[in-house]
Amino acid sequence: MKVQINQNTYQEYQQYVEQKLYDQVESCIKNGDLKELKKLSSENEIDFTHDSGFLGILAAGKPEMLRFMCEQSPNLIKLHGLDILTAAIWSHNIDSAYFLAKESSVDCSDLLGTNVYDYYVEMTGTEQYTNHVDHHVY
Amino acid sequence: MAIMKLNIVDTGYNFRHQEVYKNRGTEQVSNNFLGNNSSIYPKDKVDITGIAKHIMQSVSGRQVELTYSLYKQEVSAEIINENGERIAVRNENLPNELKEISNPEIFNAFLKNTYAKVSVLSDGEYRLYINHRMLGGGKDDPEGSMTPRTQGRKEFNITSKVKYTDEFCKQNFEKLSKEKEVITKIIEPTTFVQKCVEETEKALEALKIGVIFEQVYQQNIRKKDLTNFVTDLVDNKPVVIRYGINPSALGVVVGQPLDKKVLHPIEESLLQLAVECLNKVPNAELVLSKESKLYPNNVVLVDIFVREDGKIKQDESSNKPETHTIALWRKKELEILLIDPSRVDFSKELIGNIKSVLKVEVKLHSPTGGVIYGTGGKETGYSELKSTTIAEHKHRDCVDIATKIGFEINELQIDENILSLEQIERAINLQMSNQKQVATYLTNTSHGQPNRASQSTDVNVRRDNRQVLELMK
């Protein structure tokens, strides 16, 4: 039996395949399976800014995974760095917070005056914010 | 370190049940099914009463027995008739949710607060429906579901406490009265004019009542309870007070210039009332240090105007100003935390002015993504929010969410597992939010649905729902 596939059906199929891929990516991040994530990344083109940076937020408590994702999609930090940093602070992950704020220079100025900034200072031992440069006292 | 009850799925609960499995369940499985065929149990069941078995009454009066089989890892159901006769429900006639259950913990958690419906199919077989009172259905009062909008007692005669609002009422009453006189005498009474007059009369009536009000909400109080509300105001339920704007009296302010960083005098008046109230109650830091068992009731709600393009925004469905509600929590002796139940951006710019009125440090609560509770799609506008049923997936409004945040903070402050202020703030995010960015466990379960049970008036429903969602993720 011949099945005619029209353009719409093909697009739907593509969307389905993409959704399946991102479901797998999400699952790897949730389970902390960096090896599998690297494998998926080598076999497919994965945009880690997908879903408004939600994948980065999911990885906020897993610094190694976050580093890998940022290497693969440098825009992740640029577009969603502050949200991921906020998630890292709420999840008490000092390594992720350090990586984002110090190594990746996420601008924390938007967090000034918030409880999250206070916890960031408390958690990392950072001195109070001065001109975009935080001084860590690890 | 003590386990924080709300950040995990009650580890103690699971552990206790696992122990029971070990004693009564697993041994039976291994002895009876895996190694020894001389089972005293039917082959498709493991009898671990009270753990993997659940008996419920259907709405038609029949008993329904649900059993989770450790051996088959699936749920089976039997209808028990009045004469004790048991009729098995075919697997294909079970609800899909039951088919997806993969372990006894989920089985137990899923069946909390549920009820069953049984129907007879044309082929004589029974079909079973399970409705979850927390997630839909289970209406228990005339106003809607088990998670109705919070109700509170409203008092308008508080304007005399605030000089500005009193004068504002007098001035605007006179102004509107004159306008009404002019309209009715000079202009021909067309339908449009008649409508204007009616609306002016309504505004005059509202001005007589007052432009601001105090509303007292108490956990688990419903509309039907409000008649006896004063006598019911007891210590064993948290109370949240709202200082609100009466939009019906304030049509006159619509379109007036109001910068997003500047407070309107009415907002200032409300904040003054709020700070008076907060000064009478203990701060959270103190409550935690004393391990108090009394609800501190140190969260108050304040209404603000919604600004748009530097003006007071008009509500889409009326000629009244659109208002928004924020929560103020007395976190420390000299620090108040402002919690916006919706978007942080709605009130962020006002912080500076609020600080100057309250004369203490005011910090902003910042959840990941800047939203605690968001409405999704154009079909979920705030105008549709009143007395909604969850079956229609309507969202809650800012007043309702702010009230629930107040209840939750009160509950958490006297929770023995809570040791720090940060735990409370984190738990608000996880417990109240419908945003997967804030509560990542919602990823697989909510799919953008409002998840109303997380914002129930009843603290037990909120926590049970959270456990179910955590288990389902």
# chains A, B, ... in the order shown; residues from 1 in each chain; ligands from 1
$ interface_residues --of "chain A" --to "chain B" --cutoff "12 Å" --atoms "only C-alpha atoms" --output "mmCIF file with N, CA and C atoms, in the first residue's frame"
data_model
loop_
_atom_site.group_PDB
_atom_site.id
_atom_site.type_symbol
_atom_site.label_atom_id
_atom_site.label_comp_id
_atom_site.auth_asym_id
_atom_site.auth_seq_id
_atom_site.Cartn_x
_atom_site.Cartn_y
_atom_site.Cartn_z
ATOM 1 N N ASP A 23 13.181 15.195 24.676
ATOM 2 C CA ASP A 23 12.732 14.399 25.832
ATOM 3 C C ASP A 23 13.896 13.574 26.384
ATOM 4 N N GLU A 26 16.344 15.890 28.121
ATOM 5 C CA GLU A 26 15.805 16.265 29.434
ATOM 6 C C GLU A 26 15.999 15.129 30.440
ATOM 7 N N SER A 27 15.739 13.921 29.963
ATOM 8 C CA SER A 27 15.872 12.759 30.818
ATOM 9 C C SER A 27 17.333 12.583 31.272
ATOM 10 N N ILE A 29 19.575 14.916 31.581
ATOM 11 C CA ILE A 29 19.918 15.977 32.541
ATOM 12 C C ILE A 29 19.328 15.642 33.909
ATOM 13 N N LYS A 30 18.075 15.218 33.905
ATOM 14 C CA LYS A 30 17.433 14.885 35.179
ATOM 15 C C LYS A 30 18.178 13.767 35.908
ATOM 16 N N ASP A 51 13.471 25.559 24.744
ATOM 17 C CA ASP A 51 12.449 25.712 25.798
ATOM 18 C C ASP A 51 12.820 26.831 26.785
ATOM 19 N N SER A 52 13.183 27.972 26.231
ATOM 20 C CA SER A 52 13.496 29.178 27.032
ATOM 21 C C SER A 52 14.484 28.931 28.172
ATOM 22 N N GLY A 53 15.486 28.128 27.874
ATOM 23 C CA GLY A 53 16.550 27.900 28.863
ATOM 24 C C GLY A 53 16.198 26.902 29.948
ATOM 25 N N PHE A 54 15.070 26.213 29.779
ATOM 26 C CA PHE A 54 14.643 25.285 30.829
ATOM 27 C C PHE A 54 15.661 24.161 31.055
ATOM 28 N N LEU A 55 16.334 23.735 29.972
ATOM 29 C CA LEU A 55 17.317 22.655 30.126
ATOM 30 C C LEU A 55 18.456 23.103 31.044
ATOM 31 N N GLY A 56 18.850 24.369 30.908
ATOM 32 C CA GLY A 56 19.885 24.925 31.778
ATOM 33 C C GLY A 56 19.426 24.980 33.223
ATOM 34 N N ILE A 57 18.168 25.343 33.421
ATOM 35 C CA ILE A 57 17.614 25.402 34.784
ATOM 36 C C ILE A 57 17.610 24.000 35.409
ATOM 37 N N LEU A 58 17.258 23.007 34.573
ATOM 38 C CA LEU A 58 17.268 21.625 35.063
ATOM 39 C C LEU A 58 18.674 21.188 35.488
ATOM 40 N N ALA A 59 19.669 21.738 34.794
ATOM 41 C CA ALA A 59 21.060 21.341 35.076
ATOM 42 C C ALA A 59 21.716 22.211 36.147
ATOM 43 N N ALA A 60 20.960 23.118 36.732
ATOM 44 C CA ALA A 60 21.547 24.084 37.681
ATOM 45 C C ALA A 60 22.234 23.405 38.868
ATOM 46 N N GLY A 61 21.769 22.238 39.234
ATOM 47 C CA GLY A 61 22.363 21.537 40.369
ATOM 48 C C GLY A 61 23.445 20.549 39.948
ATOM 49 N N HIS A 80 20.118 33.053 29.115
ATOM 50 C CA HIS A 80 19.384 32.573 30.294
ATOM 51 C C HIS A 80 20.255 32.428 31.539
ATOM 52 N N GLY A 81 21.440 33.036 31.503
ATOM 53 C CA GLY A 81 22.396 32.880 32.609
ATOM 54 C C GLY A 81 21.819 33.261 33.967
ATOM 55 N N LEU A 82 21.072 34.354 34.004
ATOM 56 C CA LEU A 82 20.547 34.837 35.288
ATOM 57 C C LEU A 82 19.522 33.857 35.882
ATOM 58 N N ASP A 83 18.668 33.337 35.009
ATOM 59 C CA ASP A 83 17.679 32.357 35.490
ATOM 60 C C ASP A 83 18.374 31.096 36.011
ATOM 61 N N ILE A 84 19.403 30.674 35.288
ATOM 62 C CA ILE A 84 20.109 29.444 35.710
ATOM 63 C C ILE A 84 20.859 29.704 37.023
ATOM 64 N N LEU A 85 21.429 30.903 37.127
ATOM 65 C CA LEU A 85 22.122 31.255 38.379
ATOM 66 C C LEU A 85 21.128 31.271 39.548
ATOM 67 N N THR A 86 19.955 31.844 39.308
ATOM 68 C CA THR A 86 18.926 31.871 40.355
ATOM 69 C C THR A 86 18.565 30.438 40.777
ATOM 70 N N ALA A 87 18.402 29.583 39.775
ATOM 71 C CA ALA A 87 18.074 28.177 40.080
ATOM 72 C C ALA A 87 19.212 27.515 40.851
ATOM 73 N N ALA A 88 20.458 27.841 40.483
ATOM 74 C CA ALA A 88 21.625 27.251 41.169
ATOM 75 C C ALA A 88 21.652 27.691 42.634
ATOM 76 N N ILE A 89 21.296 28.943 42.874
ATOM 77 C CA ILE A 89 21.295 29.441 44.263
ATOM 78 C C ILE A 89 20.186 28.758 45.061
ATOM 79 N N TRP A 90 18.989 28.688 44.472
ATOM 80 C CA TRP A 90 17.889 28.021 45.186
ATOM 81 C C TRP A 90 18.190 26.541 45.413
ATOM 82 N N SER A 91 18.992 25.940 44.490
ATOM 83 C CA SER A 91 19.297 24.512 44.692
ATOM 84 C C SER A 91 20.592 24.323 45.484
ATOM 85 N N HIS A 92 21.120 25.418 46.005
ATOM 86 C CA HIS A 92 22.297 25.373 46.881
ATOM 87 C C HIS A 92 23.520 24.790 46.214
ATOM 88 N N ASP A 110 20.878 42.482 38.312
ATOM 89 C CA ASP A 110 19.414 42.378 38.367
ATOM 90 C C ASP A 110 18.920 41.700 39.646
ATOM 91 N N LEU A 111 19.824 41.012 40.316
ATOM 92 C CA LEU A 111 19.404 40.311 41.535
ATOM 93 C C LEU A 111 19.565 41.168 42.787
ATOM 94 N N LEU A 112 20.204 42.308 42.624
ATOM 95 C CA LEU A 112 20.396 43.184 43.792
ATOM 96 C C LEU A 112 19.059 43.549 44.412
ATOM 97 N N GLY A 113 19.019 43.524 45.736
ATOM 98 C CA GLY A 113 17.777 43.876 46.430
ATOM 99 C C GLY A 113 16.811 42.708 46.555
ATOM 100 N N THR A 114 17.277 41.525 46.121
ATOM 101 C CA THR A 114 16.401 40.343 46.237
ATOM 102 C C THR A 114 16.942 39.404 47.314
ATOM 103 N N ASN A 115 16.080 38.513 47.776
ATOM 104 C CA ASN A 115 16.522 37.515 48.752
ATOM 105 C C ASN A 115 17.542 36.565 48.126
ATOM 106 N N VAL A 116 17.395 36.316 46.826
ATOM 107 C CA VAL A 116 18.315 35.398 46.152
ATOM 108 C C VAL A 116 19.744 35.955 46.210
ATOM 109 N N TYR A 117 19.876 37.253 46.029
ATOM 110 C CA TYR A 117 21.217 37.835 46.073
ATOM 111 C C TYR A 117 21.824 37.674 47.477
ATOM 112 N N ASP A 118 21.011 37.867 48.486
ATOM 113 C CA ASP A 118 21.499 37.679 49.857
ATOM 114 C C ASP A 118 22.000 36.241 50.062
ATOM 115 N N TYR A 119 21.223 35.276 49.526
ATOM 116 C CA TYR A 119 21.646 33.888 49.695
ATOM 117 C C TYR A 119 22.880 33.569 48.864
ATOM 118 N N TYR A 120 23.002 34.240 47.741
ATOM 119 C CA TYR A 120 24.193 34.081 46.895
ATOM 120 C C TYR A 120 25.433 34.553 47.663
ATOM 121 N N GLU A 122 25.692 34.857 50.917
ATOM 122 C CA GLU A 122 25.865 33.969 52.059
ATOM 123 C C GLU A 122 26.508 32.635 51.648
ATOM 124 N N MET A 123 26.045 32.122 50.516
ATOM 125 C CA MET A 123 26.478 30.801 50.067
ATOM 126 C C MET A 123 27.916 30.806 49.563
#
$ residues_around --residues "Pro95 (chain B)" --least-positions-apart "4" --cutoff "7 Å" --atoms "only C-alpha atoms" --output "PDB file with C-alpha atoms, in the first residue's frame"
ATOM      1  CA  LYS B  99      -2.616   1.249  34.344  1.00  0.00           C
ATOM      2  CA  LEU B 128     -14.427   1.896  36.540  1.00  0.00           C
ATOM      3  CA  TYR B 129     -13.711   5.616  36.787  1.00  0.00           C
ATOM      4  CA  ILE B 130     -11.499   7.111  39.477  1.00  0.00           C
TER       5      ILE B 130
END
$ closest_residue --among "B:Lys237, B:Lys178, B:Lys261, B:Lys208" --to "Ser347 (chain B)" --atoms "only C-alpha atoms"
B:Lys261
$ select_by_dssp --residues "region 247-454 of chain B" --states "strand (DSSP E or B)" --output "compact mmCIF listing (two decimals) with N, CA and C atoms, in the first residue's frame"
# COMPACT_ATOMS: atom_id res chain seq x y z
N PRO B 257 -2.15 59.72 35.40
CA PRO B 257 -0.72 59.40 35.32
C PRO B 257 -0.21 58.78 36.62
N VAL B 299 2.14 37.83 57.72
CA VAL B 299 2.06 38.14 56.29
C VAL B 299 0.80 38.98 56.07
N VAL B 300 0.95 40.13 55.45
CA VAL B 300 -0.23 40.92 55.08
C VAL B 300 -0.21 41.16 53.57
N LEU B 301 -1.39 41.36 53.04
CA LEU B 301 -1.50 41.60 51.60
C LEU B 301 -1.88 43.06 51.36
N VAL B 302 -1.35 43.61 50.29
CA VAL B 302 -1.64 45.00 49.95
C VAL B 302 -1.97 45.09 48.46
N ASP B 303 -3.02 45.81 48.15
CA ASP B 303 -3.38 46.01 46.73
C ASP B 303 -2.60 47.19 46.16
N ILE B 304 -2.23 47.07 44.92
CA ILE B 304 -1.62 48.20 44.20
C ILE B 304 -2.35 48.37 42.86
N PHE B 305 -2.20 49.52 42.26
CA PHE B 305 -2.78 49.72 40.93
C PHE B 305 -1.86 49.11 39.87
N ARG B 307 -0.10 49.55 36.46
CA ARG B 307 0.31 50.66 35.61
C ARG B 307 0.52 50.19 34.18
N GLU B 308 0.17 51.07 33.26
CA GLU B 308 0.43 50.77 31.84
C GLU B 308 0.73 52.09 31.13
N LYS B 311 0.32 55.19 33.20
CA LYS B 311 -1.03 55.55 33.67
C LYS B 311 -1.64 54.38 34.44
N ILE B 312 -2.70 54.71 35.21
CA ILE B 312 -3.43 53.63 35.90
C ILE B 312 -4.26 52.89 34.86
N GLN B 314 -6.94 50.54 32.99
CA GLN B 314 -8.36 50.22 33.14
C GLN B 314 -8.55 48.71 33.02
N PRO B 321 -10.41 50.70 37.73
CA PRO B 321 -8.96 50.48 37.61
C PRO B 321 -8.60 49.01 37.86
N THR B 323 -6.36 46.24 39.49
CA THR B 323 -5.50 46.20 40.68
C THR B 323 -4.74 44.87 40.76
N HIS B 324 -3.71 44.88 41.56
CA HIS B 324 -2.87 43.70 41.75
C HIS B 324 -2.59 43.57 43.25
N THR B 325 -2.37 42.36 43.71
CA THR B 325 -2.14 42.17 45.15
C THR B 325 -0.75 41.59 45.41
N ILE B 326 -0.05 42.17 46.38
CA ILE B 326 1.27 41.65 46.75
C ILE B 326 1.26 41.23 48.23
N ALA B 327 2.20 40.38 48.58
CA ALA B 327 2.29 39.93 49.98
C ALA B 327 3.54 40.53 50.63
N LEU B 328 3.39 40.97 51.88
CA LEU B 328 4.53 41.48 52.65
C LEU B 328 4.70 40.59 53.87
N TRP B 329 5.89 40.06 54.01
CA TRP B 329 6.17 39.13 55.11
C TRP B 329 7.20 39.74 56.05
N ARG B 330 6.87 39.84 57.31
CA ARG B 330 7.83 40.39 58.28
C ARG B 330 8.86 39.30 58.59
N LYS B 331 9.90 39.31 57.80
CA LYS B 331 10.90 38.24 57.86
C LYS B 331 11.86 38.43 59.03
N LYS B 332 12.35 39.65 59.17
CA LYS B 332 13.27 39.95 60.28
C LYS B 332 12.76 41.20 60.99
N GLU B 335 13.41 43.86 58.43
CA GLU B 335 13.39 43.48 57.01
C GLU B 335 12.07 42.82 56.64
N ILE B 336 11.51 43.37 55.58
CA ILE B 336 10.26 42.79 55.06
C ILE B 336 10.54 42.20 53.68
N LEU B 337 9.96 41.04 53.43
CA LEU B 337 10.13 40.43 52.11
C LEU B 337 8.85 40.66 51.31
N LEU B 338 9.02 41.26 50.15
CA LEU B 338 7.87 41.49 49.26
C LEU B 338 7.77 40.28 48.32
N ILE B 339 6.63 39.63 48.35
CA ILE B 339 6.44 38.46 47.49
C ILE B 339 5.33 38.77 46.50
N ARG B 343 4.15 37.90 38.69
CA ARG B 343 5.44 38.25 38.12
C ARG B 343 6.16 39.24 39.03
N GLU B 361 14.08 47.87 55.72
CA GLU B 361 14.62 47.26 54.51
C GLU B 361 13.54 46.37 53.88
N VAL B 362 13.34 46.53 52.58
CA VAL B 362 12.37 45.67 51.89
C VAL B 362 13.11 44.92 50.79
N LYS B 363 13.09 43.60 50.86
CA LYS B 363 13.74 42.78 49.84
C LYS B 363 12.65 42.14 48.97
N LEU B 364 13.06 41.79 47.76
CA LEU B 364 12.12 41.21 46.81
C LEU B 364 12.35 39.71 46.71
N VAL B 371 8.69 34.31 38.06
CA VAL B 371 7.24 34.12 38.18
C VAL B 371 6.95 32.98 39.16
$ residues_around --residues "Gly374 (chain B)" --least-positions-apart "5" --cutoff "8 Å" --atoms "only C-alpha atoms" --output "compact mmCIF listing (two decimals) with N, CA and C atoms, in the first residue's frame"
# COMPACT_ATOMS: atom_id res chain seq x y z
N SER B 342 2.53 36.75 41.34
CA SER B 342 2.58 36.51 39.89
C SER B 342 3.99 36.80 39.38
N ARG B 343 4.15 37.90 38.69
CA ARG B 343 5.44 38.25 38.12
C ARG B 343 6.16 39.24 39.03
N ASN B 434 3.19 27.16 39.89
CA ASN B 434 2.72 26.30 38.79
C ASN B 434 3.69 26.39 37.61
N GLN B 435 4.88 26.91 37.89
CA GLN B 435 5.89 27.09 36.85
C GLN B 435 6.95 25.99 36.93
$ atom_distance --atom1 "CA of Tyr98 (chain A)" --atom2 "CA of Glu71 (chain A)"
16.1 Å
$ closest_residue --among "B:Asn410, B:Asn417, B:Thr190, B:Ser60" --to "Pro296 (chain B)" --atoms "only C-alpha atoms"
B:Asn410
$ closest_residue --among "B:Tyr217, B:Leu273, B:Glu100, B:Ser289" --to "Ile405 (chain B)" --atoms "only C-alpha atoms"
B:Tyr217
$ atom_distance --atom1 "CA of Gln24 (chain A)" --atom2 "CA of Ala453 (chain B)"
28.9 Å
$ residues_around --residues "Val64 (chain B)" --least-positions-apart "4" --cutoff "12 Å" --atoms "only C-alpha atoms" --output "ChimeraX atom specification"
/B:53-60,76-82,84-89,94,114-118,126-130
$ select_by_dssp --residues "chain A" --states "helix (DSSP H, G or I)" --output "MDAnalysis selection string"
chainID A and resid 7:31 34:43 54:58 63:72 75:90 94:103 109:111 115:124
